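Quick look at start_24.txt (compact mmCIF, N, CA and C atoms):
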# COMPACT_ATOMS: atom_id res chain seq x y z
N MET A 1 22.47 -14.94 30.07
CA MET A 1 21.54 -15.96 29.60
C MET A 1 21.27 -15.73 28.11
N PRO A 2 21.35 -16.77 27.28
CA PRO A 2 21.18 -16.62 25.84
C PRO A 2 19.74 -16.27 25.47
N ASP A 3 19.60 -15.58 24.34
CA ASP A 3 18.29 -15.21 23.82
C ASP A 3 17.54 -16.47 23.42
N PRO A 4 16.31 -16.70 23.94
CA PRO A 4 15.58 -17.92 23.61
C PRO A 4 15.12 -17.96 22.15
N GLU A 5 15.00 -16.82 21.52
CA GLU A 5 14.56 -16.77 20.14
C GLU A 5 15.78 -16.56 19.25
N PRO A 6 16.09 -17.51 18.40
CA PRO A 6 17.26 -17.34 17.55
C PRO A 6 17.06 -16.18 16.57
N GLU A 7 18.15 -15.51 16.27
CA GLU A 7 18.09 -14.42 15.32
C GLU A 7 18.11 -14.96 13.91
N LEU A 8 17.44 -14.25 13.00
CA LEU A 8 17.30 -14.70 11.63
C LEU A 8 18.22 -13.91 10.71
N THR A 9 18.77 -14.59 9.73
CA THR A 9 19.50 -13.89 8.68
C THR A 9 18.48 -13.23 7.77
N ILE A 10 18.94 -12.35 6.90
CA ILE A 10 18.01 -11.69 5.99
C ILE A 10 17.37 -12.71 5.04
N GLY A 11 18.13 -13.72 4.65
CA GLY A 11 17.59 -14.78 3.79
C GLY A 11 16.49 -15.56 4.48
N GLU A 12 16.73 -15.90 5.76
CA GLU A 12 15.71 -16.64 6.51
C GLU A 12 14.46 -15.79 6.70
N LEU A 13 14.65 -14.52 7.03
CA LEU A 13 13.51 -13.62 7.21
C LEU A 13 12.74 -13.48 5.90
N ALA A 14 13.45 -13.36 4.80
CA ALA A 14 12.79 -13.25 3.49
C ALA A 14 11.97 -14.50 3.21
N ARG A 15 12.54 -15.65 3.46
CA ARG A 15 11.83 -16.91 3.20
C ARG A 15 10.61 -17.05 4.10
N LEU A 16 10.75 -16.75 5.38
CA LEU A 16 9.65 -16.90 6.32
C LEU A 16 8.53 -15.88 6.11
N SER A 17 8.90 -14.70 5.62
CA SER A 17 7.91 -13.64 5.46
C SER A 17 7.34 -13.57 4.04
N GLY A 18 7.99 -14.25 3.11
CA GLY A 18 7.55 -14.19 1.73
C GLY A 18 7.94 -12.89 1.03
N ARG A 19 8.86 -12.15 1.62
CA ARG A 19 9.34 -10.89 1.03
C ARG A 19 10.74 -11.10 0.48
N ARG A 20 11.12 -10.28 -0.45
CA ARG A 20 12.47 -10.33 -0.99
C ARG A 20 13.42 -9.62 -0.04
N ALA A 21 14.65 -10.06 -0.04
CA ALA A 21 15.67 -9.42 0.79
C ALA A 21 15.81 -7.95 0.42
N SER A 22 15.69 -7.64 -0.85
CA SER A 22 15.80 -6.23 -1.27
C SER A 22 14.66 -5.40 -0.68
N ALA A 23 13.46 -5.97 -0.56
CA ALA A 23 12.34 -5.25 0.05
C ALA A 23 12.61 -5.01 1.53
N ILE A 24 13.18 -6.00 2.18
CA ILE A 24 13.49 -5.87 3.60
C ILE A 24 14.52 -4.75 3.81
N ARG A 25 15.54 -4.73 2.97
CA ARG A 25 16.53 -3.65 3.06
C ARG A 25 15.90 -2.29 2.79
N TYR A 26 14.97 -2.25 1.83
CA TYR A 26 14.28 -1.00 1.52
C TYR A 26 13.46 -0.53 2.73
N TYR A 27 12.74 -1.44 3.37
CA TYR A 27 11.94 -1.07 4.55
C TYR A 27 12.84 -0.53 5.65
N GLU A 28 14.02 -1.11 5.78
CA GLU A 28 14.98 -0.59 6.76
C GLU A 28 15.39 0.84 6.40
N SER A 29 15.68 1.06 5.12
CA SER A 29 16.13 2.40 4.70
C SER A 29 15.05 3.45 4.90
N ARG A 30 13.79 3.04 4.83
CA ARG A 30 12.68 3.96 5.02
C ARG A 30 12.28 4.08 6.50
N GLY A 31 12.89 3.27 7.35
CA GLY A 31 12.60 3.34 8.78
C GLY A 31 11.34 2.61 9.20
N VAL A 32 10.75 1.85 8.29
CA VAL A 32 9.55 1.08 8.61
C VAL A 32 9.93 -0.19 9.37
N LEU A 33 11.07 -0.72 9.04
CA LEU A 33 11.61 -1.88 9.74
C LEU A 33 12.88 -1.41 10.43
N PRO A 34 12.98 -1.60 11.73
CA PRO A 34 14.18 -1.12 12.44
C PRO A 34 15.45 -1.79 11.91
N ALA A 35 16.51 -1.03 11.93
CA ALA A 35 17.80 -1.60 11.52
C ALA A 35 18.13 -2.76 12.46
N PRO A 36 18.51 -3.89 11.90
CA PRO A 36 18.79 -5.05 12.73
C PRO A 36 20.17 -4.98 13.37
N GLU A 37 20.34 -5.84 14.33
CA GLU A 37 21.67 -6.01 14.92
C GLU A 37 22.55 -6.64 13.84
N ARG A 38 23.82 -6.36 13.91
CA ARG A 38 24.75 -6.98 12.95
C ARG A 38 25.74 -7.83 13.73
N ILE A 39 25.92 -9.02 13.23
CA ILE A 39 26.89 -9.93 13.82
C ILE A 39 27.87 -10.30 12.71
N SER A 40 29.13 -9.97 12.93
CA SER A 40 30.17 -10.15 11.91
C SER A 40 29.77 -9.45 10.61
N GLY A 41 29.11 -8.29 10.72
CA GLY A 41 28.72 -7.51 9.57
C GLY A 41 27.44 -7.96 8.89
N LYS A 42 26.85 -9.06 9.36
CA LYS A 42 25.64 -9.59 8.72
C LYS A 42 24.41 -9.24 9.55
N ARG A 43 23.35 -8.89 8.86
CA ARG A 43 22.10 -8.55 9.53
C ARG A 43 21.53 -9.76 10.26
N ARG A 44 21.05 -9.49 11.49
CA ARG A 44 20.40 -10.54 12.28
C ARG A 44 19.12 -9.93 12.86
N TYR A 45 17.99 -10.55 12.51
CA TYR A 45 16.68 -10.03 12.89
C TYR A 45 16.06 -10.88 14.00
N ALA A 46 15.37 -10.21 14.91
CA ALA A 46 14.58 -10.93 15.91
C ALA A 46 13.35 -11.50 15.18
N ARG A 47 12.78 -12.53 15.74
CA ARG A 47 11.62 -13.19 15.11
C ARG A 47 10.41 -12.26 14.99
N ASP A 48 10.34 -11.22 15.83
CA ASP A 48 9.19 -10.32 15.73
C ASP A 48 9.19 -9.52 14.43
N ALA A 49 10.30 -9.55 13.68
CA ALA A 49 10.35 -8.89 12.38
C ALA A 49 9.38 -9.55 11.40
N ILE A 50 9.10 -10.83 11.59
CA ILE A 50 8.15 -11.53 10.72
C ILE A 50 6.77 -10.88 10.86
N GLN A 51 6.34 -10.64 12.09
CA GLN A 51 5.05 -10.00 12.33
C GLN A 51 5.03 -8.58 11.79
N ARG A 52 6.11 -7.86 11.98
CA ARG A 52 6.19 -6.48 11.49
C ARG A 52 6.07 -6.45 9.96
N LEU A 53 6.71 -7.39 9.28
CA LEU A 53 6.59 -7.47 7.82
C LEU A 53 5.17 -7.84 7.40
N ALA A 54 4.49 -8.66 8.20
CA ALA A 54 3.09 -8.99 7.90
C ALA A 54 2.22 -7.74 8.01
N VAL A 55 2.47 -6.91 9.00
CA VAL A 55 1.72 -5.65 9.14
C VAL A 55 2.01 -4.75 7.95
N ILE A 56 3.26 -4.66 7.53
CA ILE A 56 3.63 -3.83 6.38
C ILE A 56 2.90 -4.32 5.14
N GLU A 57 2.93 -5.62 4.90
CA GLU A 57 2.27 -6.17 3.71
C GLU A 57 0.77 -5.91 3.74
N THR A 58 0.15 -6.15 4.88
CA THR A 58 -1.29 -5.92 4.99
C THR A 58 -1.63 -4.46 4.76
N GLY A 59 -0.85 -3.57 5.36
CA GLY A 59 -1.08 -2.14 5.18
C GLY A 59 -0.93 -1.73 3.73
N GLN A 60 0.09 -2.24 3.06
CA GLN A 60 0.29 -1.91 1.65
C GLN A 60 -0.86 -2.43 0.79
N ARG A 61 -1.31 -3.64 1.08
CA ARG A 61 -2.43 -4.20 0.32
C ARG A 61 -3.71 -3.40 0.52
N ALA A 62 -3.82 -2.73 1.67
CA ALA A 62 -4.98 -1.87 1.95
C ALA A 62 -4.78 -0.48 1.38
N GLY A 63 -3.64 -0.23 0.74
CA GLY A 63 -3.39 1.06 0.11
C GLY A 63 -2.74 2.09 1.00
N LEU A 64 -2.25 1.69 2.16
CA LEU A 64 -1.58 2.64 3.05
C LEU A 64 -0.17 2.91 2.55
N SER A 65 0.28 4.12 2.75
CA SER A 65 1.65 4.47 2.38
C SER A 65 2.60 3.91 3.44
N LEU A 66 3.87 3.84 3.10
CA LEU A 66 4.86 3.38 4.09
C LEU A 66 4.94 4.34 5.27
N ASP A 67 4.75 5.63 5.02
CA ASP A 67 4.76 6.59 6.14
C ASP A 67 3.59 6.33 7.08
N GLU A 68 2.41 6.02 6.52
CA GLU A 68 1.25 5.71 7.36
C GLU A 68 1.50 4.43 8.16
N ILE A 69 2.07 3.43 7.50
CA ILE A 69 2.36 2.16 8.17
C ILE A 69 3.39 2.38 9.27
N LYS A 70 4.40 3.18 8.98
CA LYS A 70 5.43 3.47 9.98
C LYS A 70 4.79 4.13 11.20
N GLY A 71 3.86 5.05 10.97
CA GLY A 71 3.17 5.70 12.08
C GLY A 71 2.42 4.71 12.95
N LEU A 72 1.84 3.70 12.32
CA LEU A 72 1.13 2.67 13.08
C LEU A 72 2.11 1.81 13.88
N LEU A 73 3.21 1.46 13.25
CA LEU A 73 4.18 0.57 13.89
C LEU A 73 5.03 1.27 14.94
N ASP A 74 5.10 2.60 14.89
CA ASP A 74 5.91 3.32 15.86
C ASP A 74 5.31 3.33 17.25
N ALA A 75 4.01 3.05 17.36
CA ALA A 75 3.39 2.99 18.68
C ALA A 75 3.89 1.74 19.40
N SER A 76 4.00 1.82 20.69
CA SER A 76 4.44 0.68 21.49
C SER A 76 3.38 -0.42 21.44
N PRO A 77 3.80 -1.68 21.56
CA PRO A 77 2.82 -2.77 21.58
C PRO A 77 1.79 -2.53 22.69
N GLY A 78 0.55 -2.72 22.36
CA GLY A 78 -0.52 -2.52 23.32
C GLY A 78 -0.95 -1.08 23.50
N ASP A 79 -0.30 -0.16 22.79
CA ASP A 79 -0.61 1.26 22.89
C ASP A 79 -1.89 1.55 22.12
N PRO A 80 -2.93 2.07 22.78
CA PRO A 80 -4.19 2.35 22.07
C PRO A 80 -4.04 3.43 21.01
N ARG A 81 -2.96 4.21 21.06
CA ARG A 81 -2.77 5.24 20.03
C ARG A 81 -2.59 4.64 18.65
N SER A 82 -2.09 3.41 18.57
CA SER A 82 -1.93 2.79 17.25
C SER A 82 -3.28 2.57 16.61
N VAL A 83 -4.27 2.16 17.40
CA VAL A 83 -5.62 1.95 16.88
C VAL A 83 -6.24 3.30 16.51
N GLU A 84 -5.99 4.32 17.33
CA GLU A 84 -6.49 5.67 17.01
C GLU A 84 -5.89 6.15 15.70
N ARG A 85 -4.61 5.89 15.48
CA ARG A 85 -3.97 6.29 14.22
C ARG A 85 -4.59 5.55 13.05
N LEU A 86 -4.86 4.26 13.23
CA LEU A 86 -5.48 3.48 12.17
C LEU A 86 -6.86 4.03 11.83
N ARG A 87 -7.64 4.37 12.83
CA ARG A 87 -8.97 4.95 12.59
C ARG A 87 -8.86 6.28 11.84
N ALA A 88 -7.91 7.10 12.23
CA ALA A 88 -7.73 8.40 11.57
C ALA A 88 -7.37 8.22 10.09
N ILE A 89 -6.51 7.25 9.81
CA ILE A 89 -6.14 6.97 8.42
C ILE A 89 -7.37 6.51 7.65
N ALA A 90 -8.13 5.61 8.24
CA ALA A 90 -9.34 5.10 7.57
C ALA A 90 -10.33 6.22 7.30
N GLU A 91 -10.54 7.09 8.27
CA GLU A 91 -11.48 8.19 8.10
C GLU A 91 -11.02 9.16 7.00
N ARG A 92 -9.73 9.34 6.87
CA ARG A 92 -9.20 10.22 5.84
C ARG A 92 -9.23 9.56 4.47
N ARG A 93 -8.96 8.27 4.41
CA ARG A 93 -8.82 7.58 3.13
C ARG A 93 -10.15 7.15 2.52
N LEU A 94 -11.15 6.86 3.34
CA LEU A 94 -12.43 6.38 2.79
C LEU A 94 -13.06 7.37 1.81
N PRO A 95 -13.11 8.67 2.10
CA PRO A 95 -13.66 9.59 1.09
C PRO A 95 -12.85 9.61 -0.21
N GLU A 96 -11.54 9.46 -0.11
CA GLU A 96 -10.71 9.39 -1.31
C GLU A 96 -11.09 8.18 -2.15
N LEU A 97 -11.30 7.05 -1.48
CA LEU A 97 -11.67 5.83 -2.20
C LEU A 97 -13.08 5.93 -2.78
N ASP A 98 -13.99 6.61 -2.07
CA ASP A 98 -15.33 6.81 -2.61
C ASP A 98 -15.27 7.63 -3.90
N ALA A 99 -14.43 8.66 -3.93
CA ALA A 99 -14.26 9.47 -5.13
C ALA A 99 -13.65 8.63 -6.26
N LEU A 100 -12.70 7.79 -5.92
CA LEU A 100 -12.08 6.92 -6.92
C LEU A 100 -13.10 5.93 -7.48
N LYS A 101 -13.94 5.37 -6.60
CA LYS A 101 -14.99 4.45 -7.06
C LYS A 101 -15.93 5.15 -8.04
N ALA A 102 -16.34 6.38 -7.72
CA ALA A 102 -17.23 7.14 -8.60
C ALA A 102 -16.56 7.36 -9.95
N HIS A 103 -15.27 7.68 -9.92
CA HIS A 103 -14.51 7.88 -11.16
C HIS A 103 -14.50 6.59 -11.98
N ILE A 104 -14.21 5.49 -11.33
CA ILE A 104 -14.14 4.20 -12.03
C ILE A 104 -15.50 3.84 -12.63
N GLU A 105 -16.57 4.08 -11.89
CA GLU A 105 -17.91 3.78 -12.41
C GLU A 105 -18.22 4.62 -13.65
N LEU A 106 -17.85 5.89 -13.63
CA LEU A 106 -18.07 6.77 -14.77
C LEU A 106 -17.27 6.31 -15.98
N VAL A 107 -16.01 5.99 -15.78
CA VAL A 107 -15.16 5.53 -16.87
C VAL A 107 -15.66 4.18 -17.39
N THR A 108 -16.10 3.31 -16.50
CA THR A 108 -16.61 2.01 -16.91
C THR A 108 -17.82 2.18 -17.82
N ARG A 109 -18.75 3.05 -17.43
CA ARG A 109 -19.94 3.28 -18.27
C ARG A 109 -19.52 3.81 -19.65
N TRP A 110 -18.56 4.74 -19.68
CA TRP A 110 -18.10 5.30 -20.95
C TRP A 110 -17.48 4.20 -21.81
N LEU A 111 -16.65 3.37 -21.20
CA LEU A 111 -16.00 2.29 -21.96
C LEU A 111 -17.01 1.26 -22.45
N GLU A 112 -18.04 0.99 -21.66
CA GLU A 112 -19.09 0.07 -22.11
C GLU A 112 -19.79 0.65 -23.34
N GLN A 113 -20.06 1.96 -23.32
CA GLN A 113 -20.67 2.60 -24.49
C GLN A 113 -19.70 2.56 -25.67
N ALA A 114 -18.42 2.80 -25.41
CA ALA A 114 -17.42 2.75 -26.48
C ALA A 114 -17.34 1.35 -27.08
N GLY A 115 -17.46 0.35 -26.26
CA GLY A 115 -17.40 -1.03 -26.74
C GLY A 115 -18.58 -1.39 -27.62
N ALA A 116 -19.69 -0.69 -27.47
CA ALA A 116 -20.88 -0.94 -28.28
C ALA A 116 -21.02 0.06 -29.42
N CYS A 117 -20.05 0.95 -29.56
CA CYS A 117 -20.12 2.01 -30.57
C CYS A 117 -20.12 1.44 -31.98
N GLU A 118 -21.02 1.97 -32.80
CA GLU A 118 -21.09 1.57 -34.20
C GLU A 118 -20.93 2.77 -35.12
N CYS A 119 -20.35 3.83 -34.61
CA CYS A 119 -20.15 5.04 -35.41
C CYS A 119 -19.15 4.75 -36.53
N PRO A 120 -19.30 5.42 -37.69
CA PRO A 120 -18.37 5.18 -38.79
C PRO A 120 -16.98 5.79 -38.56
N SER A 121 -16.87 6.82 -37.70
CA SER A 121 -15.56 7.43 -37.43
C SER A 121 -15.61 8.14 -36.08
N LEU A 122 -14.43 8.46 -35.55
CA LEU A 122 -14.38 9.17 -34.27
C LEU A 122 -14.98 10.56 -34.38
N SER A 123 -14.84 11.19 -35.55
CA SER A 123 -15.39 12.54 -35.70
C SER A 123 -16.91 12.55 -35.65
N GLU A 124 -17.53 11.42 -35.88
CA GLU A 124 -18.99 11.32 -35.84
C GLU A 124 -19.49 10.68 -34.54
N CYS A 125 -18.57 10.30 -33.69
CA CYS A 125 -18.95 9.59 -32.46
C CYS A 125 -19.28 10.58 -31.35
N GLY A 126 -20.46 10.45 -30.80
CA GLY A 126 -20.91 11.31 -29.71
C GLY A 126 -20.13 11.13 -28.42
N LEU A 127 -19.42 10.03 -28.30
CA LEU A 127 -18.65 9.80 -27.08
C LEU A 127 -17.51 10.81 -26.93
N PHE A 128 -17.08 11.40 -28.04
CA PHE A 128 -15.98 12.36 -27.99
C PHE A 128 -16.46 13.79 -28.08
N GLY A 129 -17.75 13.98 -28.22
CA GLY A 129 -18.29 15.32 -28.32
C GLY A 129 -18.81 15.86 -27.01
N ALA A 130 -18.74 15.06 -25.97
CA ALA A 130 -19.26 15.49 -24.67
C ALA A 130 -18.22 15.23 -23.59
N PRO A 131 -17.19 16.09 -23.52
CA PRO A 131 -16.12 15.84 -22.54
C PRO A 131 -16.60 15.87 -21.10
N GLU A 132 -17.77 16.47 -20.86
CA GLU A 132 -18.28 16.50 -19.49
C GLU A 132 -18.74 15.12 -19.01
N CYS A 133 -18.81 14.17 -19.95
CA CYS A 133 -19.21 12.82 -19.57
C CYS A 133 -18.11 12.09 -18.81
N LEU A 134 -16.90 12.62 -18.90
CA LEU A 134 -15.77 11.99 -18.21
C LEU A 134 -15.10 13.02 -17.30
N PRO A 135 -14.51 12.55 -16.22
CA PRO A 135 -13.77 13.48 -15.36
C PRO A 135 -12.50 13.94 -16.06
N PRO A 136 -11.90 15.04 -15.60
CA PRO A 136 -10.63 15.48 -16.19
C PRO A 136 -9.59 14.37 -16.11
N SER A 137 -8.68 14.34 -17.07
CA SER A 137 -7.70 13.25 -17.12
C SER A 137 -6.85 13.18 -15.86
N ARG A 138 -6.57 14.31 -15.23
CA ARG A 138 -5.75 14.28 -14.02
C ARG A 138 -6.56 13.91 -12.78
N ALA A 139 -7.87 13.70 -12.95
CA ALA A 139 -8.70 13.35 -11.79
C ALA A 139 -8.46 11.91 -11.34
N LEU A 140 -7.96 11.08 -12.23
CA LEU A 140 -7.71 9.69 -11.84
C LEU A 140 -6.40 9.65 -11.08
N ARG A 141 -6.51 9.57 -9.78
CA ARG A 141 -5.35 9.49 -8.91
C ARG A 141 -5.63 8.44 -7.87
N ILE A 142 -4.85 7.39 -7.88
CA ILE A 142 -5.03 6.35 -6.89
C ILE A 142 -4.39 6.84 -5.61
N PRO A 143 -5.17 6.90 -4.53
CA PRO A 143 -4.62 7.42 -3.25
C PRO A 143 -3.39 6.63 -2.81
N ALA A 144 -2.43 7.35 -2.27
CA ALA A 144 -1.19 6.69 -1.80
C ALA A 144 -1.36 6.24 -0.38

Please, can you express the file's structure as structure tokens?
Amino acid sequence: MPDPEPELTIGELARLSGRRASAIRYYESRGVLPAPERISGKRRYARDAIQRLAVIETGQRAGLSLDEIKGLLDASPGDPRSVERLRAIAERRLPELDALKAHIELVTRWLEQAGACECPSLSECGLFGAPECLPPSRALRIPA
């Protein structure tokens, strides 16, 4: 009996998902998107790949790494472990984002003061005489 859902070419999947074909191939190489069946050497994707790409995009927009997203997608459909994994990621990432927010607020205040600076030169500017007012330069790290 034939498959009721037609298989998609990489071009069709790219168009339907709003992703580039190169991104789809990259996700395959990273194991986030399963390698598709090949027919006459051409990739053919099941329609559920559209949903999987939507999960990948949403996860990336939320700042999750591809490894974290892969961990979520590796659970079987309906498996409560996927939700447990999502909660664990959120619990781990929220403190990182709180630290990043604090860093951004500190830098924003410094830049606002710099924007209002009327000092005649940098050597006379108090903004550069108090390095403790800013976090170390390597402290700015956007969580992966």

For Ala114 in chain A, the nearest of the candidates A:Leu8, A:Leu97, A:Ala21, A:Leu127, counting only N, CA and C atoms: A:Leu127

Considering only strand (DSSP E) as DSSP defines it on the backbone, what residues of chain A qualify? List them as a ChimeraX atom specification. /A:37-39,42-44

Give me the residues near Asp67 in chain A as a ChimeraX atom specification, where near means some atom within 8 Å (using all atoms listed in the file) and where sequence neighbours in that chain fewer than 4 positions away do not count. /A:30,32,71-73

How would the residues just chosen look if you wrote them out with N, CA and C atoms as a compact mmCIF listing (two decimals), keeping the file's coordinate frame?
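Output (result.txt):
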# COMPACT_ATOMS: atom_id res chain seq x y z
N ARG A 30 13.79 3.04 4.83
CA ARG A 30 12.68 3.96 5.02
C ARG A 30 12.28 4.08 6.50
N VAL A 32 10.75 1.85 8.29
CA VAL A 32 9.55 1.08 8.61
C VAL A 32 9.93 -0.19 9.37
N GLY A 71 3.86 5.05 10.97
CA GLY A 71 3.17 5.70 12.08
C GLY A 71 2.42 4.71 12.95
N LEU A 72 1.84 3.70 12.32
CA LEU A 72 1.13 2.67 13.08
C LEU A 72 2.11 1.81 13.88
N LEU A 73 3.21 1.46 13.25
CA LEU A 73 4.18 0.57 13.89
C LEU A 73 5.03 1.27 14.94

Who sits within 12 Å of Gln113 in chain A, only C-alpha atoms, same chain under 4 positions skipped, as a PDB file with N, CA and C atoms, keeping the file's coordinate frame:
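The resulting file, part_36.pdb, is shown below:
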ATOM      1  N   LEU A 106     -17.850   5.890 -13.630  1.00  0.00           N
ATOM      2  CA  LEU A 106     -18.070   6.770 -14.770  1.00  0.00           C
ATOM      3  C   LEU A 106     -17.270   6.310 -15.980  1.00  0.00           C
ATOM      4  N   VAL A 107     -16.010   5.990 -15.780  1.00  0.00           N
ATOM      5  CA  VAL A 107     -15.160   5.530 -16.870  1.00  0.00           C
ATOM      6  C   VAL A 107     -15.660   4.180 -17.390  1.00  0.00           C
ATOM      7  N   THR A 108     -16.100   3.310 -16.500  1.00  0.00           N
ATOM      8  CA  THR A 108     -16.610   2.010 -16.910  1.00  0.00           C
ATOM      9  C   THR A 108     -17.820   2.180 -17.820  1.00  0.00           C
ATOM     10  N   ARG A 109     -18.750   3.050 -17.430  1.00  0.00           N
ATOM     11  CA  ARG A 109     -19.940   3.280 -18.270  1.00  0.00           C
ATOM     12  C   ARG A 109     -19.520   3.810 -19.650  1.00  0.00           C
ATOM     13  N   CYS A 117     -20.050   0.950 -29.560  1.00  0.00           N
ATOM     14  CA  CYS A 117     -20.120   2.010 -30.570  1.00  0.00           C
ATOM     15  C   CYS A 117     -20.120   1.440 -31.980  1.00  0.00           C
ATOM     16  N   GLU A 118     -21.020   1.970 -32.800  1.00  0.00           N
ATOM     17  CA  GLU A 118     -21.090   1.570 -34.200  1.00  0.00           C
ATOM     18  C   GLU A 118     -20.930   2.770 -35.120  1.00  0.00           C
ATOM     19  N   CYS A 119     -20.350   3.830 -34.610  1.00  0.00           N
ATOM     20  CA  CYS A 119     -20.150   5.040 -35.410  1.00  0.00           C
ATOM     21  C   CYS A 119     -19.150   4.750 -36.530  1.00  0.00           C
ATOM     22  N   CYS A 125     -18.570  10.300 -33.690  1.00  0.00           N
ATOM     23  CA  CYS A 125     -18.950   9.590 -32.460  1.00  0.00           C
ATOM     24  C   CYS A 125     -19.280  10.580 -31.350  1.00  0.00           C
ATOM     25  N   GLY A 126     -20.460  10.450 -30.800  1.00  0.00           N
ATOM     26  CA  GLY A 126     -20.910  11.310 -29.710  1.00  0.00           C
ATOM     27  C   GLY A 126     -20.130  11.130 -28.420  1.00  0.00           C
ATOM     28  N   LEU A 127     -19.420  10.030 -28.300  1.00  0.00           N
ATOM     29  CA  LEU A 127     -18.650   9.800 -27.080  1.00  0.00           C
ATOM     30  C   LEU A 127     -17.510  10.810 -26.930  1.00  0.00           C
ATOM     31  N   PHE A 128     -17.080  11.400 -28.040  1.00  0.00           N
ATOM     32  CA  PHE A 128     -15.980  12.360 -27.990  1.00  0.00           C
ATOM     33  C   PHE A 128     -16.460  13.790 -28.080  1.00  0.00           C
ATOM     34  N   CYS A 133     -18.810  14.170 -19.950  1.00  0.00           N
ATOM     35  CA  CYS A 133     -19.210  12.820 -19.570  1.00  0.00           C
ATOM     36  C   CYS A 133     -18.110  12.090 -18.810  1.00  0.00           C
TER      37      CYS A 133
END

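Atom C of Gly18 in chain A lies 13.4 Å from CA of Gln60 in chain A.
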
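Atom to atom, atom C of Ile56 in chain A and atom C of Pro34 in chain A stand 14.5 Å apart.
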
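Among the candidates A:Ala62, A:Ser40, A:Tyr45, A:Arg85, the one nearest to Ile10 in chain A when counting all atoms listed in the file is A:Tyr45.
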